[in-house]
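Single-structure report; data block below.
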Amino acid sequence: MAIDAATVRKVARLARIAEPEDRLEPLARELSGILNWIEQLSEVDTDDVEPMTTSVAMKLPMREDVVTDGGDPAKVLGNAPKSDRGFFVVPKVVE
């Protein structure tokens with residue numbers, strides 16, 4: 001897919017990016033090269049490739065899922081700037 005200077009000018013205007021006129025043609029060539037590379041990627045056969053979330057096969061450590069009260073409330077609230085009856089006091093953010 002080839003991108004011309006007029007397309008770059010239009011996209012720059014839509015994105016509200018001020019691009020000098022002398023940079024439009026080099027930018028068009030650069031963007032065309034990127035799109036050609038992306039088209040090459042679509043030619044790769046990925047039918048038998050399983051989707052993955054990471055390139056490293058690893059298993060996360062498991063822990064027992066138990067409900068706790070966070071330990072000692074006095075220690076939990078010890079670093080709080082303000083607390084009231086066992087709760088953190090935070091400034092109001094919505095009127």
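In the structure tokens, chains take the letters A, B, ... in the order shown, each chain's residues start at 1, and ligands count up from 1 in the order shown.
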
Run DSSP on the backbone and give me the residues of region 20-71 of chain A it puts in alpha helix (DSSP H), as a VMD selection string.
chain A and resid 21 to 42

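Considering only chain A, backbone DSSP assigns strand (DSSP E or B) to Ser83, Asp84, Phe87 and Phe88 of chain A.
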
How would the residues just chosen look if you wrote them out with C-alpha atoms as an mmCIF file, in the first residue's frame?
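This is the output file result20.cif:
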```
data_model
loop_
_atom_site.group_PDB
_atom_site.id
_atom_site.type_symbol
_atom_site.label_atom_id
_atom_site.label_comp_id
_atom_site.auth_asym_id
_atom_site.auth_seq_id
_atom_site.Cartn_x
_atom_site.Cartn_y
_atom_site.Cartn_z
ATOM 1 C CA SER A 83 -8.427 7.446 60.039
ATOM 2 C CA ASP A 84 -11.805 7.179 61.691
ATOM 3 C CA PHE A 87 -11.287 3.235 58.168
ATOM 4 C CA PHE A 88 -9.057 5.420 55.998
#
```

So that I can see what lies close to Val8 (chain A), please list as a ChimeraX atom specification the residues with an atom at most 9 Å from it, counting only C-alpha atoms and leaving out residues fewer than 6 positions away in the same chain.
/A:24-25,27-28,31

Min atom-atom distance to Trp37 (chain A) from the set A:Val11, A:Ala18, A:Ala2, A:Met58, counting only C-alpha atoms, belongs to A:Ala2

Would you compute the distance between CA of Asn36 (chain A) and CA of Met1 (chain A)? Give it in Å to one decimal.
6.3 Å

What is the CA of Ile17 (chain A) to CA of Glu30 (chain A) distance in Å?
16.6 Å

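Picture a line from CA of Glu21 (chain A) to CA of Leu35 (chain A); it runs 21.7 Å.
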
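Candidate residues A:Ser55, A:Thr46, A:Asn79, A:Ser32 were compared for distance to Ala5 (chain A), and the nearest is A:Ser32, using only C-alpha atoms.
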